[in-house]
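Next comes model35.cif, a file with mmCIF, C-alpha atoms.
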data_my_file
loop_
_atom_site.label_atom_id
_atom_site.label_comp_id
_atom_site.auth_asym_id
_atom_site.auth_seq_id
_atom_site.Cartn_x
_atom_site.Cartn_y
_atom_site.Cartn_z
CA MET A 1116 -60.34 -25.84 -9.58
CA GLU A 1117 -57.77 -23.19 -10.35
CA ARG A 1118 -54.24 -24.38 -9.63
CA PHE A 1119 -50.99 -22.71 -8.73
CA PRO A 1120 -48.85 -22.31 -11.86
CA ALA A 1121 -45.29 -23.50 -12.36
CA VAL A 1122 -42.73 -20.75 -12.86
CA THR A 1123 -40.71 -20.97 -16.07
CA LEU A 1124 -37.81 -18.60 -16.65
CA LYS A 1125 -36.46 -18.60 -20.18
CA LEU A 1126 -33.36 -16.95 -21.58
CA PRO A 1127 -34.10 -14.77 -24.63
CA ASP A 1128 -34.04 -16.66 -27.96
CA TRP A 1129 -31.10 -14.62 -29.27
CA ILE A 1130 -28.79 -16.22 -26.71
CA ASP A 1131 -28.80 -19.50 -28.61
CA GLU A 1132 -27.76 -17.55 -31.73
CA ILE A 1133 -24.56 -16.23 -30.15
CA ALA A 1134 -23.41 -18.87 -27.67
CA ARG A 1135 -23.44 -22.59 -27.18
CA PRO A 1136 -22.85 -24.86 -24.19
CA GLY A 1137 -19.20 -25.75 -23.79
CA GLU A 1138 -17.84 -22.88 -25.91
CA ILE A 1139 -14.36 -21.92 -24.68
CA PHE A 1140 -13.47 -18.44 -23.45
CA VAL A 1141 -9.80 -18.59 -22.56
CA SER A 1142 -9.00 -15.43 -20.61
CA GLN A 1143 -10.81 -13.63 -17.82
CA GLU A 1144 -11.21 -10.66 -20.16
CA GLU A 1145 -12.78 -12.79 -22.89
CA ARG A 1146 -15.27 -14.16 -20.41
CA MET A 1147 -16.11 -10.69 -19.13
CA ARG A 1148 -16.39 -9.30 -22.66
CA PHE A 1149 -18.91 -12.05 -23.40
CA VAL A 1150 -21.15 -11.23 -20.43
CA ILE A 1151 -20.93 -7.50 -21.25
CA SER A 1152 -22.12 -8.36 -24.76
CA LEU A 1153 -25.08 -10.20 -23.21
CA ALA A 1154 -26.01 -7.11 -21.20
CA ALA A 1155 -25.68 -4.87 -24.29
CA ARG A 1156 -27.76 -7.13 -26.48
CA ASN A 1157 -30.39 -7.56 -23.78
CA ILE A 1158 -31.01 -3.82 -23.94
CA GLU A 1159 -30.90 -3.64 -27.77
CA ARG A 1160 -33.42 -6.45 -28.13
CA GLY A 1161 -35.64 -5.14 -25.34
CA THR A 1162 -35.55 -8.47 -23.52
CA GLY A 1163 -34.62 -7.15 -20.07
CA GLY A 1164 -32.28 -5.00 -17.97
CA PRO A 1165 -28.66 -3.99 -18.58
CA PHE A 1166 -26.99 -6.86 -16.76
CA GLY A 1167 -25.28 -10.04 -17.93
CA ALA A 1168 -23.59 -12.97 -16.21
CA ALA A 1169 -22.35 -16.46 -16.95
CA VAL A 1170 -21.03 -19.57 -15.25
CA PHE A 1171 -17.75 -20.96 -16.59
CA GLU A 1172 -15.42 -23.79 -15.67
CA VAL A 1173 -12.49 -21.92 -14.13
CA ALA A 1174 -9.71 -24.06 -15.60
CA THR A 1175 -10.93 -24.60 -19.15
CA GLY A 1176 -13.06 -21.50 -19.69
CA ALA A 1177 -15.91 -23.70 -20.94
CA LEU A 1178 -19.23 -21.84 -20.87
CA ILE A 1179 -21.72 -23.69 -18.70
CA ALA A 1180 -24.60 -21.21 -18.76
CA PRO A 1181 -25.24 -17.56 -19.60
CA GLY A 1182 -27.75 -15.28 -17.90
CA VAL A 1183 -29.37 -11.90 -18.42
CA ASN A 1184 -31.77 -9.85 -16.34
CA ILE A 1185 -35.36 -10.70 -17.35
CA VAL A 1186 -37.17 -9.25 -14.32
CA VAL A 1187 -39.62 -6.99 -16.13
CA PRO A 1188 -40.53 -8.99 -19.27
CA GLN A 1189 -40.92 -12.24 -17.33
CA SER A 1190 -42.58 -10.72 -14.24
CA CYS A 1191 -40.12 -12.08 -11.71
CA SER A 1192 -38.09 -10.04 -9.22
CA VAL A 1193 -35.78 -13.02 -8.63
CA ALA A 1194 -34.72 -13.12 -12.30
CA HIS A 1195 -31.48 -11.13 -12.13
CA ALA A 1196 -28.70 -12.08 -14.55
CA GLU A 1197 -26.68 -13.87 -11.86
CA ALA A 1198 -29.68 -15.94 -10.69
CA LEU A 1199 -30.45 -16.99 -14.27
CA ALA A 1200 -26.87 -18.04 -15.01
CA LEU A 1201 -26.71 -20.05 -11.77
CA MET A 1202 -30.14 -21.69 -12.24
CA VAL A 1203 -29.51 -22.59 -15.88
CA ALA A 1204 -26.06 -23.99 -14.96
CA GLN A 1205 -27.58 -26.12 -12.19
CA LYS A 1206 -30.26 -27.33 -14.60
CA MET A 1207 -27.65 -28.19 -17.27
CA LEU A 1208 -25.59 -30.16 -14.74
CA GLY A 1209 -28.52 -31.66 -12.81
CA THR A 1210 -27.37 -30.44 -9.40
CA PHE A 1211 -28.26 -27.70 -6.91
CA ASP A 1212 -24.57 -27.48 -5.96
CA LEU A 1213 -22.05 -26.33 -8.55
CA GLY A 1214 -19.34 -27.14 -6.00
CA ALA A 1215 -20.38 -30.76 -5.45
CA PRO A 1216 -17.59 -33.30 -4.93
CA GLY A 1217 -15.98 -34.33 -8.20
CA MET A 1218 -17.09 -31.24 -10.12
CA PRO A 1219 -14.54 -28.91 -11.73
CA ARG A 1220 -14.25 -25.47 -10.09
CA MET A 1221 -16.91 -23.12 -11.39
CA GLU A 1222 -16.93 -19.33 -11.49
CA LEU A 1223 -19.63 -16.71 -12.00
CA ILE A 1224 -18.64 -13.74 -14.14
CA THR A 1225 -20.99 -10.77 -13.84
CA THR A 1226 -21.10 -7.30 -15.37
CA ALA A 1227 -21.85 -5.69 -12.00
CA GLN A 1228 -21.11 -6.29 -8.34
CA PRO A 1229 -23.95 -8.43 -6.94
CA CYS A 1230 -26.98 -6.82 -5.31
CA ILE A 1231 -28.22 -8.14 -1.97
CA GLN A 1232 -30.27 -10.85 -3.72
CA CYS A 1233 -27.46 -12.02 -6.01
CA PHE A 1234 -25.06 -12.00 -3.06
CA GLY A 1235 -27.37 -14.56 -1.46
CA ASN A 1236 -27.66 -16.56 -4.70
CA VAL A 1237 -23.87 -16.73 -4.92
CA TRP A 1238 -23.57 -17.81 -1.29
CA TRP A 1239 -25.59 -21.04 -1.85
CA SER A 1240 -24.68 -21.78 -5.47
CA GLY A 1241 -21.50 -23.79 -5.08
CA ILE A 1242 -19.36 -21.53 -7.29
CA LYS A 1243 -15.76 -21.15 -6.17
CA ARG A 1244 -14.97 -17.79 -7.76
CA LEU A 1245 -16.86 -14.58 -8.45
CA VAL A 1246 -15.56 -12.07 -11.00
CA THR A 1247 -17.23 -8.64 -11.24
CA GLY A 1248 -17.16 -5.68 -13.65
CA ALA A 1249 -18.83 -2.45 -12.54
CA SER A 1250 -18.80 -1.69 -8.83
CA THR A 1251 -21.97 -1.02 -6.84
CA GLN A 1252 -20.97 2.65 -6.60
CA GLN A 1253 -20.73 2.79 -10.39
CA THR A 1254 -24.00 0.92 -10.97
CA GLU A 1255 -25.87 3.14 -8.56
CA ALA A 1256 -24.24 6.40 -9.75
CA ILE A 1257 -24.46 5.78 -13.51
CA ALA A 1258 -27.77 4.04 -13.97
CA GLY A 1259 -29.70 4.82 -10.81
CA PHE A 1260 -30.22 1.17 -9.91
CA SER A 1261 -30.05 0.32 -6.22
CA GLU A 1262 -28.18 -2.76 -5.02
CA GLY A 1263 -29.80 -2.97 -1.58
CA PRO A 1264 -28.08 -3.47 1.80
CA VAL A 1265 -25.13 -5.57 0.67
CA PRO A 1266 -22.70 -5.90 3.61
CA LEU A 1267 -19.77 -3.50 3.18
CA ASP A 1268 -17.37 -6.41 3.67
CA TRP A 1269 -19.20 -8.64 1.14
CA ALA A 1270 -15.99 -9.71 -0.63
CA VAL A 1271 -14.33 -10.60 2.68
CA LEU A 1272 -17.41 -12.59 3.73
CA LEU A 1273 -17.25 -14.59 0.49
CA ARG A 1274 -13.50 -15.20 0.83
CA ASP A 1275 -13.87 -16.25 4.47
CA ARG A 1276 -16.78 -18.57 3.70
CA LYS A 1277 -16.09 -22.28 4.12
CA PRO A 1278 -15.65 -23.44 1.42
CA SER A 1279 -14.21 -20.11 0.27
CA ILE A 1280 -15.45 -18.12 -2.72
CA GLU A 1281 -12.60 -16.20 -4.33
CA VAL A 1282 -13.47 -12.67 -5.51
CA ILE A 1283 -11.89 -10.72 -8.37
CA GLU A 1284 -13.27 -7.20 -8.79
CA GLY A 1285 -13.27 -4.59 -11.53
CA VAL A 1286 -12.48 -6.65 -14.65
CA LEU A 1287 -13.22 -4.46 -17.73
CA ALA A 1288 -15.15 -2.15 -15.43
CA ASP A 1289 -15.08 0.72 -17.94
CA GLU A 1290 -16.73 -1.39 -20.64
CA ALA A 1291 -19.31 -2.68 -18.17
CA CYS A 1292 -20.07 0.91 -17.15
CA GLN A 1293 -20.55 1.94 -20.78
CA VAL A 1294 -23.50 -0.45 -21.10
CA LEU A 1295 -25.11 1.04 -17.99
CA GLN A 1296 -24.47 4.52 -19.39
CA ARG A 1297 -26.14 3.64 -22.71
CA TYR A 1298 -29.13 2.18 -20.87
CA LYS A 1299 -29.48 5.35 -18.83
CA GLU A 1300 -29.16 7.61 -21.90
CA SER A 1301 -31.74 5.59 -23.80
CA GLY A 1302 -34.26 6.27 -21.03
CA GLY A 1303 -34.13 2.69 -19.73
CA TYR A 1304 -36.65 1.79 -17.06
CA ILE A 1305 -35.21 1.66 -13.53
CA TYR A 1306 -37.50 -0.81 -11.79
CA ASN A 1307 -37.80 -1.77 -8.16
CA PRO A 1308 -36.62 1.44 -6.53
CA ASP A 1309 -36.01 1.10 -2.79
CA ASN A 1310 -35.79 4.81 -2.17
CA ALA A 1311 -39.31 5.85 -3.13
CA MET B 1106 -26.99 -27.41 -31.82
CA GLU B 1107 -27.46 -27.94 -28.12
CA ARG B 1108 -29.36 -25.08 -26.53
CA PHE B 1109 -29.58 -23.59 -23.08
CA PRO B 1110 -32.65 -24.95 -21.28
CA ALA B 1111 -35.43 -22.96 -19.67
CA VAL B 1112 -35.72 -23.35 -15.90
CA THR B 1113 -39.08 -24.52 -14.62
CA LEU B 1114 -39.79 -24.62 -10.90
CA LYS B 1115 -42.95 -26.47 -9.95
CA LEU B 1116 -44.68 -26.72 -6.60
CA PRO B 1117 -45.32 -30.33 -5.53
CA ASP B 1118 -48.61 -31.78 -6.82
CA TRP B 1119 -50.00 -32.23 -3.30
CA ILE B 1120 -50.21 -28.46 -2.84
CA ASP B 1121 -53.19 -28.25 -5.20
CA GLU B 1122 -54.90 -30.90 -3.06
CA ILE B 1123 -54.78 -28.80 0.09
CA ALA B 1124 -54.98 -25.18 -1.00
CA ARG B 1125 -56.50 -23.05 -3.70
CA PRO B 1126 -55.86 -19.53 -4.94
CA GLY B 1127 -57.90 -16.97 -3.04
CA GLU B 1128 -58.64 -19.20 -0.03
CA ILE B 1129 -59.09 -17.02 3.07
CA PHE B 1130 -56.92 -17.35 6.19
CA VAL B 1131 -58.28 -14.79 8.63
CA SER B 1132 -55.72 -14.49 11.42
CA GLN B 1133 -51.95 -14.27 11.45
CA GLU B 1134 -51.87 -17.58 13.33
CA GLU B 1135 -54.06 -19.32 10.73
CA ARG B 1136 -51.74 -18.12 7.98
CA MET B 1137 -48.66 -19.30 9.89
CA ARG B 1138 -50.28 -22.64 10.71
CA PHE B 1139 -50.90 -23.13 6.99
CA VAL B 1140 -47.26 -22.51 6.01
CA ILE B 1141 -46.06 -24.77 8.84
CA SER B 1142 -48.33 -27.48 7.42
CA LEU B 1143 -46.67 -26.99 4.03
CA ALA B 1144 -43.23 -27.49 5.60
CA ALA B 1145 -44.40 -30.61 7.44
CA ARG B 1146 -46.02 -32.16 4.38
CA ASN B 1147 -43.00 -31.33 2.23
CA ILE B 1148 -40.92 -33.56 4.50
CA GLU B 1149 -43.53 -36.32 4.72
CA ARG B 1150 -43.91 -36.50 0.94
CA GLY B 1151 -40.18 -36.23 0.32
CA THR B 1152 -40.63 -33.28 -2.01
CA GLY B 1153 -38.03 -30.99 -0.43
CA GLY B 1154 -36.70 -29.32 2.70
CA PRO B 1155 -38.48 -28.43 5.97
CA PHE B 1156 -39.50 -24.90 5.06
CA GLY B 1157 -42.80 -23.36 3.97
CA ALA B 1158 -43.95 -19.87 3.03
CA ALA B 1159 -46.87 -18.11 1.39
CA VAL B 1160 -47.91 -14.72 0.07
CA PHE B 1161 -51.23 -13.37 1.36
CA GLU B 1162 -53.19 -10.18 0.93
CA VAL B 1163 -52.71 -8.48 4.31
CA ALA B 1164 -56.24 -7.11 4.71
CA THR B 1165 -58.34 -10.03 3.49
CA GLY B 1166 -56.05 -12.98 4.23
CA ALA B 1167 -56.57 -14.25 0.68
CA LEU B 1168 -53.88 -16.76 -0.28
CA ILE B 1169 -52.03 -15.56 -3.35
CA ALA B 1170 -49.35 -18.25 -3.56
CA PRO B 1171 -47.76 -20.95 -1.40
CA GLY B 1172 -44.13 -22.05 -1.51
CA VAL B 1173 -41.97 -24.87 -0.21
CA ASN B 1174 -38.26 -25.58 -0.41
CA ILE B 1175 -37.57 -27.68 -3.53
CA VAL B 1176 -33.79 -27.12 -3.75
CA VAL B 1177 -32.67 -30.74 -3.82
CA PRO B 1178 -35.39 -32.49 -5.88
CA GLN B 1179 -35.49 -29.74 -8.49
CA SER B 1180 -31.70 -29.08 -8.57
CA CYS B 1181 -31.90 -25.36 -7.86
CA SER B 1182 -30.19 -23.56 -5.00
CA VAL B 1183 -32.46 -20.53 -5.54
CA ALA B 1184 -35.59 -22.58 -4.84
CA HIS B 1185 -36.14 -21.79 -1.16
CA ALA B 1186 -39.73 -21.67 0.11
CA GLU B 1187 -39.79 -17.87 0.20
CA ALA B 1188 -38.49 -17.55 -3.37
CA LEU B 1189 -41.11 -20.00 -4.62
CA ALA B 1190 -43.99 -18.22 -2.89
CA LEU B 1191 -42.83 -14.85 -4.25
CA MET B 1192 -42.22 -16.11 -7.80
CA VAL B 1193 -45.53 -17.98 -7.99
CA ALA B 1194 -47.36 -14.92 -6.61
CA GLN B 1195 -45.72 -12.67 -9.22
CA LYS B 1196 -46.63 -15.16 -11.93
CA MET B 1197 -50.27 -15.35 -10.72
CA LEU B 1198 -50.56 -11.56 -10.71
CA GLY B 1199 -48.47 -10.91 -13.83
CA THR B 1200 -46.07 -8.47 -12.19
CA PHE B 1201 -42.51 -8.45 -10.86
CA ASP B 1202 -43.62 -6.02 -8.15
CA LEU B 1203 -46.14 -7.17 -5.54
CA GLY B 1204 -46.16 -3.58 -4.26
CA ALA B 1205 -47.06 -1.97 -7.59
CA PRO B 1206 -49.41 1.03 -7.47
CA GLY B 1207 -53.03 -0.02 -7.05
CA MET B 1208 -52.23 -3.44 -5.61
CA PRO B 1209 -53.50 -4.44 -2.15
CA ARG B 1210 -50.77 -4.76 0.51
CA MET B 1211 -49.14 -8.17 0.36
CA GLU B 1212 -47.28 -10.08 3.07
CA LEU B 1213 -44.93 -13.05 3.07
CA ILE B 1214 -45.41 -15.52 5.90
CA THR B 1215 -42.53 -17.91 6.40
CA THR B 1216 -41.78 -20.73 8.83
CA ALA B 1217 -38.25 -19.46 9.45
CA GLN B 1218 -36.38 -16.18 9.50
CA PRO B 1219 -35.02 -15.56 5.98
CA CYS B 1220 -31.53 -16.68 5.03
CA ILE B 1221 -29.23 -14.27 3.17
CA GLN B 1222 -30.77 -15.27 -0.18
CA CYS B 1223 -34.39 -14.94 0.96
CA PHE B 1224 -33.57 -11.61 2.62
CA GLY B 1225 -32.55 -10.41 -0.84
CA ASN B 1226 -35.66 -11.91 -2.44
CA VAL B 1227 -37.86 -10.09 0.07
CA TRP B 1228 -36.02 -6.80 -0.54
CA TRP B 1229 -37.01 -6.66 -4.25
CA SER B 1230 -40.36 -8.47 -4.12
CA GLY B 1231 -42.73 -5.62 -3.35
CA ILE B 1232 -44.22 -7.22 -0.24
CA LYS B 1233 -45.12 -4.78 2.52
CA ARG B 1234 -44.94 -7.14 5.50
CA LEU B 1235 -42.82 -10.13 6.50
CA VAL B 1236 -43.99 -12.52 9.22
CA THR B 1237 -41.58 -15.16 10.53
CA GLY B 1238 -41.79 -18.29 12.72
CA ALA B 1239 -38.54 -19.89 13.88
CA SER B 1240 -35.58 -17.56 14.39
CA THR B 1241 -32.24 -18.04 12.67
CA GLN B 1242 -30.75 -19.12 15.99
CA GLN B 1243 -33.44 -21.81 16.28
CA THR B 1244 -33.10 -22.97 12.66
CA GLU B 1245 -29.34 -23.26 12.94
CA ALA B 1246 -29.36 -24.86 16.40
CA ILE B 1247 -32.17 -27.36 15.85
CA ALA B 1248 -31.67 -28.52 12.29
CA GLY B 1249 -28.10 -27.58 11.50
CA PHE B 1250 -29.06 -25.45 8.52
CA SER B 1251 -27.00 -22.31 8.01
CA GLU B 1252 -28.68 -19.03 7.09
CA GLY B 1253 -25.56 -17.28 5.81
CA PRO B 1254 -24.34 -13.74 6.62
CA VAL B 1255 -27.69 -12.06 7.17
CA PRO B 1256 -27.07 -8.56 8.59
CA LEU B 1257 -27.66 -8.55 12.35
CA ASP B 1258 -30.01 -5.59 11.92
CA TRP B 1259 -31.96 -7.27 9.08
CA ALA B 1260 -35.37 -6.41 10.54
CA VAL B 1261 -34.38 -2.77 11.04
CA LEU B 1262 -33.07 -2.61 7.47
CA LEU B 1263 -36.41 -3.88 6.17
CA ARG B 1264 -38.41 -1.48 8.32
CA ASP B 1265 -36.19 1.47 7.30
CA ARG B 1266 -36.40 0.58 3.61
CA LYS B 1267 -38.34 2.99 1.42
CA PRO B 1268 -41.01 1.84 0.91
CA SER B 1269 -40.89 0.14 4.31
CA ILE B 1270 -41.34 -3.59 4.90
CA GLU B 1271 -42.96 -4.25 8.27
CA VAL B 1272 -41.54 -7.21 10.22
CA ILE B 1273 -43.37 -9.42 12.73
CA GLU B 1274 -41.18 -12.11 14.29
CA GLY B 1275 -41.76 -15.32 16.19
CA VAL B 1276 -45.38 -16.19 15.28
CA LEU B 1277 -46.04 -19.83 16.36
CA ALA B 1278 -42.27 -20.25 16.66
CA ASP B 1279 -42.62 -23.41 18.78
CA GLU B 1280 -44.72 -25.17 16.15
CA ALA B 1281 -42.32 -24.07 13.41
CA CYS B 1282 -39.40 -25.45 15.43
CA GLN B 1283 -41.16 -28.79 15.87
CA VAL B 1284 -41.08 -29.35 12.11
CA LEU B 1285 -37.35 -28.65 12.04
CA GLN B 1286 -36.89 -30.99 14.98
CA ARG B 1287 -38.80 -33.79 13.20
CA TYR B 1288 -36.71 -33.26 10.08
CA LYS B 1289 -33.51 -33.50 12.09
CA GLU B 1290 -34.66 -36.62 13.94
CA SER B 1291 -35.69 -38.32 10.70
CA GLY B 1292 -32.11 -37.91 9.43
CA GLY B 1293 -33.10 -35.22 6.95
CA TYR B 1294 -30.40 -34.14 4.52
CA ILE B 1295 -28.76 -30.81 5.42
CA TYR B 1296 -27.62 -29.52 2.04
CA ASN B 1297 -25.42 -26.61 1.15
CA PRO B 1298 -23.29 -26.37 4.27
CA ASP B 1299 -21.16 -23.21 4.41
CA ASN B 1300 -19.00 -24.45 7.25
CA ALA B 1301 -17.31 -27.38 5.49
#

Exercise: express the given structure as structure tokens:
Amino acid sequence: MERFPAVTLKLPDWIDEIARPGEIFVSQEERMRFVISLAARNIERGTGGPFGAAVFEVATGALIAPGVNIVVPQSCSVAHAEALALMVAQKMLGTFDLGAPGMPRMELITTAQPCIQCFGNVWWSGIKRLVTGASTQQTEAIAGFSEGPVPLDWAVLLRDRKPSIEVIEGVLADEACQVLQRYKESGGYIYNPDNA
Amino acid sequence: MERFPAVTLKLPDWIDEIARPGEIFVSQEERMRFVISLAARNIERGTGGPFGAAVFEVATGALIAPGVNIVVPQSCSVAHAEALALMVAQKMLGTFDLGAPGMPRMELITTAQPCIQCFGNVWWSGIKRLVTGASTQQTEAIAGFSEGPVPLDWAVLLRDRKPSIEVIEGVLADEACQVLQRYKESGGYIYNPDNA
């Protein structure tokens, strides 16, 4: 009898060539530059969309897990960069809650403001801080991607959540936008339109 | 060198004992009764939370993929029932877009109104219809689960999306609520509180 398959989501092989678990990224800018490099390489290698993200320990800057968008090559609309980083981090640490008692504070750094799906991923992930690069306006204007009906007060909602999720916006936004611009200019595929 | 692991999400083994790909569920109620039975069995077997979902072909009622909540046992906050059903369906059909040109219309049937994360999953999945059982008010009141900051006009947003996602609410809501009630009474674990 045919069975229902398991779903396996796998980061591209090149990620293990450029990063390792526990690697230290001291400053916020270093962390953001790393996730922007993930987005750039993901385009160059043809392994997915122009988005990168990673979970770090806030205090030490230790890399817990990177993520890139693998929606198209791995046939999964859930597989945005943020979701991958969060899922791989939870797998590494053996918990569904990155904010579980006794854990160090974790943050998600992402090249672009979360779409409606990633906003929901963040909400339940247990991270204590979210750091973004390009704004939704930039992502939609430059590359033509849609972010869906994210509440206008998304950052306030995260900050007012209990426990709270701190939000820092616009870190290295220009560099994050450049990757989107390159993707657009190279004729990159804009999947999942919601304005057809 | 330590590497970053792949993430594998696997439906509980008992699912293959009670359902097979392509099985026909003629009416809306039959489809909802099936996903409620998934939620109930998921509690009984201790394989996850009290939520079930499935993707069906709208016209034929053919089951494409079932899903249950496996957040806690599989250490993944993304692994809500709706996400599983959508990811397994996309894997079965080899596409990230269940609404791709030439595909039959697909629907997601779910025992409870989507949380903020599942709302985002639905938005990008390609399904053309969403059918819900218990309302958010019921889920939060009966079982103590939170659904997060879902927009109040979530159903309107889905209907007004282009392409549109039709919404049918409250199918067999009483039966869906009974599963939540049993979970609550059995002392079921309410994970991921956002009101700590």

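Closest approach to chain A among B:Leu1191, B:Ile1247, B:Val1163, B:Ala1278 is made by B:Leu1191 (distances from all atoms listed in the file).
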
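Counting all atoms listed in the file, the residue from A:Ile1224, A:Leu1273, A:Cys1233, A:Cys1292 that sits nearest to A:Glu1255 is A:Cys1292.
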
Starting from chain B, keep only residues with some atom at most 7 Å from an atom of chain A, counting only C-alpha atoms, and report them as a tab-separated table (two decimals) with C-alpha atoms, keeping the file's coordinate frame.
chain	number	residue	atom	x	y	z
B	1107	GLU	CA	-27.46	-27.94	-28.12
B	1108	ARG	CA	-29.36	-25.08	-26.53
B	1109	PHE	CA	-29.58	-23.59	-23.08
B	1110	PRO	CA	-32.65	-24.95	-21.28
B	1111	ALA	CA	-35.43	-22.96	-19.67
B	1112	VAL	CA	-35.72	-23.35	-15.90
B	1113	THR	CA	-39.08	-24.52	-14.62
B	1114	LEU	CA	-39.79	-24.62	-10.90
B	1115	LYS	CA	-42.95	-26.47	-9.95
B	1116	LEU	CA	-44.68	-26.72	-6.60
B	1121	ASP	CA	-53.19	-28.25	-5.20
B	1125	ARG	CA	-56.50	-23.05	-3.70
B	1126	PRO	CA	-55.86	-19.53	-4.94
B	1176	VAL	CA	-33.79	-27.12	-3.75
B	1177	VAL	CA	-32.67	-30.74	-3.82
B	1180	SER	CA	-31.70	-29.08	-8.57
B	1181	CYS	CA	-31.90	-25.36	-7.86
B	1182	SER	CA	-30.19	-23.56	-5.00
B	1183	VAL	CA	-32.46	-20.53	-5.54
B	1192	MET	CA	-42.22	-16.11	-7.80
B	1193	VAL	CA	-45.53	-17.98	-7.99
B	1195	GLN	CA	-45.72	-12.67	-9.22
B	1196	LYS	CA	-46.63	-15.16	-11.93
B	1199	GLY	CA	-48.47	-10.91	-13.83
B	1200	THR	CA	-46.07	-8.47	-12.19
B	1201	PHE	CA	-42.51	-8.45	-10.86
B	1202	ASP	CA	-43.62	-6.02	-8.15
B	1221	ILE	CA	-29.23	-14.27	3.17
B	1222	GLN	CA	-30.77	-15.27	-0.18
B	1225	GLY	CA	-32.55	-10.41	-0.84
B	1226	ASN	CA	-35.66	-11.91	-2.44
B	1229	TRP	CA	-37.01	-6.66	-4.25
B	1230	SER	CA	-40.36	-8.47	-4.12
B	1266	ARG	CA	-36.40	0.58	3.61
B	1267	LYS	CA	-38.34	2.99	1.42
B	1268	PRO	CA	-41.01	1.84	0.91
B	1297	ASN	CA	-25.42	-26.61	1.15
B	1299	ASP	CA	-21.16	-23.21	4.41
B	1300	ASN	CA	-19.00	-24.45	7.25
B	1301	ALA	CA	-17.31	-27.38	5.49

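Atom CA of B:Ala1158 is found 26.7 Å from atom CA of A:Ile1242.
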
Query raised in the report: Contacts of stretch 1300-1305 of chain A at 9 Å or less, counting all atoms listed in the file, minus same-chain residues fewer than 3 places along, as a PyMOL selection string?
Result: chain A and resi 1158+1164-1165+1258-1260+1295-1297+1308

Query - Shell of 12 Å around B:Phe1139, all atoms listed in the file, local chain residues under 3 positions omitted, as an MDAnalysis selection string - result: chainID B and resid 1120 1123:1124 1128:1136 1142:1146 1156:1161 1166 1168 1170:1173 1214:1216 1238 1277 1280:1281

Query raised in the report: What separation in Å, quoted to one decimal, exists between atom CA of A:Glu1222 and atom CA of A:Gly1285?
Result: 15.2 Å

Query raised in the report: Hey, what's within 7 Å of A:Thr1251 if we count all atoms listed in the file and toss same-chain stuff fewer than 2 positions away? As a list in words, please?
Result: Ala1227, Gln1228, Ala1249, Gln1253, Thr1254, Glu1255 and Glu1262 of chain A

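Atom CA of B:Ile1273 is positioned 4.7 Å from atom CA of B:Val1236.
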
Rebuild N, CA and C atoms on stretch 1225-1237 of chain A, as a JSON list (two decimals), in the coordinates of the input?
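Saved result, part-v3.json, follows:
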[["chain", "number", "residue", "atom", "x", "y", "z"],
["A", 1225, "THR", "N", -19.81, -11.64, -13.77],
["A", 1225, "THR", "CA", -20.99, -10.77, -13.84],
["A", 1225, "THR", "C", -20.60, -9.33, -14.14],
["A", 1226, "THR", "N", -21.43, -8.66, -14.93],
["A", 1226, "THR", "CA", -21.10, -7.30, -15.37],
["A", 1226, "THR", "C", -21.11, -6.30, -14.22],
["A", 1227, "ALA", "N", -21.77, -6.63, -13.13],
["A", 1227, "ALA", "CA", -21.85, -5.69, -12.00],
["A", 1227, "ALA", "C", -21.73, -6.43, -10.68],
["A", 1228, "GLN", "N", -21.21, -5.73, -9.70],
["A", 1228, "GLN", "CA", -21.11, -6.29, -8.34],
["A", 1228, "GLN", "C", -22.51, -6.74, -7.91],
["A", 1229, "PRO", "N", -22.63, -7.89, -7.25],
["A", 1229, "PRO", "CA", -23.95, -8.43, -6.94],
["A", 1229, "PRO", "C", -24.75, -7.53, -6.00],
["A", 1230, "CYS", "N", -26.05, -7.46, -6.24],
["A", 1230, "CYS", "CA", -26.98, -6.82, -5.31],
["A", 1230, "CYS", "C", -27.19, -7.76, -4.12],
["A", 1231, "ILE", "N", -28.00, -7.33, -3.18],
["A", 1231, "ILE", "CA", -28.22, -8.14, -1.97],
["A", 1231, "ILE", "C", -28.80, -9.52, -2.32],
["A", 1232, "GLN", "N", -29.66, -9.58, -3.33],
["A", 1232, "GLN", "CA", -30.27, -10.85, -3.72],
["A", 1232, "GLN", "C", -29.25, -11.77, -4.38],
["A", 1233, "CYS", "N", -28.45, -11.21, -5.29],
["A", 1233, "CYS", "CA", -27.46, -12.02, -6.01],
["A", 1233, "CYS", "C", -26.34, -12.45, -5.06],
["A", 1234, "PHE", "N", -26.03, -11.61, -4.08],
["A", 1234, "PHE", "CA", -25.06, -12.00, -3.06],
["A", 1234, "PHE", "C", -25.53, -13.29, -2.38],
["A", 1235, "GLY", "N", -26.81, -13.35, -2.05],
["A", 1235, "GLY", "CA", -27.37, -14.56, -1.46],
["A", 1235, "GLY", "C", -27.38, -15.73, -2.42],
["A", 1236, "ASN", "N", -27.71, -15.49, -3.69],
["A", 1236, "ASN", "CA", -27.66, -16.56, -4.70],
["A", 1236, "ASN", "C", -26.26, -17.17, -4.78],
["A", 1237, "VAL", "N", -25.26, -16.28, -4.82],
["A", 1237, "VAL", "CA", -23.87, -16.73, -4.92],
["A", 1237, "VAL", "C", -23.50, -17.59, -3.71]]
